[in-house]
Every structure is written in structure tokens, then in C-alpha cells.
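Working notes for the structure below.
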Amino acid sequence: MGEVADMIIDGTLCQECGMLVYEGNPLKASGAEVSPGFPRTCRVCLVEAKAENDAEPCPECSTGKLRGARGGGVECNNPDCWYWFCF
Ligand SMILES: [Zn+2]
Ligand SMILES: [Zn+2]
């Protein structure tokens, strides 16, 4: 243990999901051990965080935000809220 934490701290792994971060690290693909030396967030997590920030607030509760629902439409991401809307 400790190795994964070190790899997150030096930016080899994403600080959010722990996956390898390839972005801005082109030499990694050729097997060279190159890391930026600071924690990073991978593109997937950045896109997810952005989607969360851009989400419409729920009209039914003050804390929820709307997200895509399974099977279509949107639903509130607040588990205590019933809100669901199908276009
Ligand atoms: Zn990530
Ligand atoms: Zn809601």
C-alpha cells in the first residue's frame, strides 16, 4: 500500500477515480514513466463534474439536479425526491 496514493499525488492516476491519466502525458503510452508531479483529474471525471455543474436544478426540491433517466426523460438526482419528467 501507499503506492497507489503516491501515484495519485504525482498525477499518474486520477485523483477522483484512480484510473491512469493519459492526458498531457503522451510518453506514458510508450511505456516511459512520466508524471507531472501533482494530482490530476482524468477527462472522464472532468466531463462528469461539468455535466453535474451544468445540470438543471430540480423544480420540485431545492437540492436536487436533473439528470438523464434510464429509459428516457430526466429525473431528479435527489433520492428523496420523486421528480421525473419524460419529454
Ligand atoms: Zn477520473
Ligand atoms: Zn428533486
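Please note that chains go A, B, ... in the order of the C-alpha cells, that every chain numbers its residues from 1, and that ligands are numbered from 1 in the order shown.
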
- Nearby residues, ligand 1, 8 Å, only C-alpha atoms and all ligand atoms, as number ranges by chain: A: 13-21, 41-46

Pull the closest atom pair for each residue of chain A that gets at most 10 Å from ligand 2, along with the distance in Å to one decimal, counting only C-alpha atoms and all ligand atoms, ordering rows by chain and then ascending residue number, as a tab-separated table.
residue	atom	partner	partner_atom_place_in_ligand_line	distance
A:Pro57	CA	ligand 2	1 (Zn)	7.8
A:Cys58	CA	ligand 2	1 (Zn)	4.6
A:Pro59	CA	ligand 2	1 (Zn)	6.5
A:Glu60	CA	ligand 2	1 (Zn)	4.8
A:Cys61	CA	ligand 2	1 (Zn)	4.1
A:Ser62	CA	ligand 2	1 (Zn)	6.8
A:Thr63	CA	ligand 2	1 (Zn)	6.7
A:Gly64	CA	ligand 2	1 (Zn)	4.4
A:Lys65	CA	ligand 2	1 (Zn)	6.5
A:Leu66	CA	ligand 2	1 (Zn)	7.5
A:Glu75	CA	ligand 2	1 (Zn)	7.8
A:Cys76	CA	ligand 2	1 (Zn)	4.5
A:Asn77	CA	ligand 2	1 (Zn)	6.7
A:Asn78	CA	ligand 2	1 (Zn)	5.4
A:Pro79	CA	ligand 2	1 (Zn)	8.0
A:Asp80	CA	ligand 2	1 (Zn)	7.5
A:Cys81	CA	ligand 2	1 (Zn)	4.5
A:Trp82	CA	ligand 2	1 (Zn)	6.6
A:Tyr83	CA	ligand 2	1 (Zn)	5.4
A:Trp84	CA	ligand 2	1 (Zn)	8.4

- Item | Å distance separating CA of Glu56 in chain A from CA of Gly72 in chain A, one decimal place |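 About the pair CA of Glu56 in chain A and CA of Gly72 in chain A: they are 15.9 Å apart.
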
- When DSSP works through the backbone of this structure, what residues of chain A end up as helix (DSSP H, G or I), shown as a ChimeraX atom specification? /A:3-9,26-30,43-54

- Message: If I take CA of Ser35 in chain A and CA of Tyr22 in chain A, how far is one from the other in Å, to one decimal?
- Response: 9.7 Å

- Message: I need the residues in range 16-86 of chain A that are strand (DSSP E) according to DSSP; give them as a list in words.
- Response: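 Residues meeting the strand (DSSP E) criterion: Leu66, Arg67, Gly68, Val74, Glu75, Cys76, Trp84 and Phe85 of chain A.
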
Could you write out that same residue set with N, CA and C atoms as a JSON list (two decimals), in the first residue's frame?
[["chain", "number", "residue", "atom", "x", "y", "z"],
["A", 66, "LEU", "N", -31.34, 17.79, -12.15],
["A", 66, "LEU", "CA", -31.89, 16.85, -13.11],
["A", 66, "LEU", "C", -30.77, 16.13, -13.84],
["A", 67, "ARG", "N", -31.00, 14.86, -14.08],
["A", 67, "ARG", "CA", -30.05, 14.06, -14.84],
["A", 67, "ARG", "C", -30.84, 13.15, -15.75],
["A", 68, "GLY", "N", -30.15, 12.59, -16.74],
["A", 68, "GLY", "CA", -30.82, 11.68, -17.66],
["A", 68, "GLY", "C", -31.33, 10.47, -16.92],
["A", 74, "VAL", "N", -35.84, 12.86, -17.91],
["A", 74, "VAL", "CA", -34.89, 13.29, -16.88],
["A", 74, "VAL", "C", -35.48, 12.98, -15.52],
["A", 75, "GLU", "N", -34.61, 12.82, -14.54],
["A", 75, "GLU", "CA", -35.06, 12.59, -13.18],
["A", 75, "GLU", "C", -34.22, 13.42, -12.24],
["A", 76, "CYS", "N", -34.74, 13.60, -11.03],
["A", 76, "CYS", "CA", -34.00, 14.33, -10.01],
["A", 76, "CYS", "C", -32.96, 13.39, -9.41],
["A", 84, "TRP", "N", -39.68, 13.18, -11.89],
["A", 84, "TRP", "CA", -39.25, 12.52, -13.12],
["A", 84, "TRP", "C", -40.06, 13.13, -14.25],
["A", 85, "PHE", "N", -39.40, 13.42, -15.35],
["A", 85, "PHE", "CA", -40.11, 14.04, -16.46],
["A", 85, "PHE", "C", -39.65, 13.39, -17.75]]
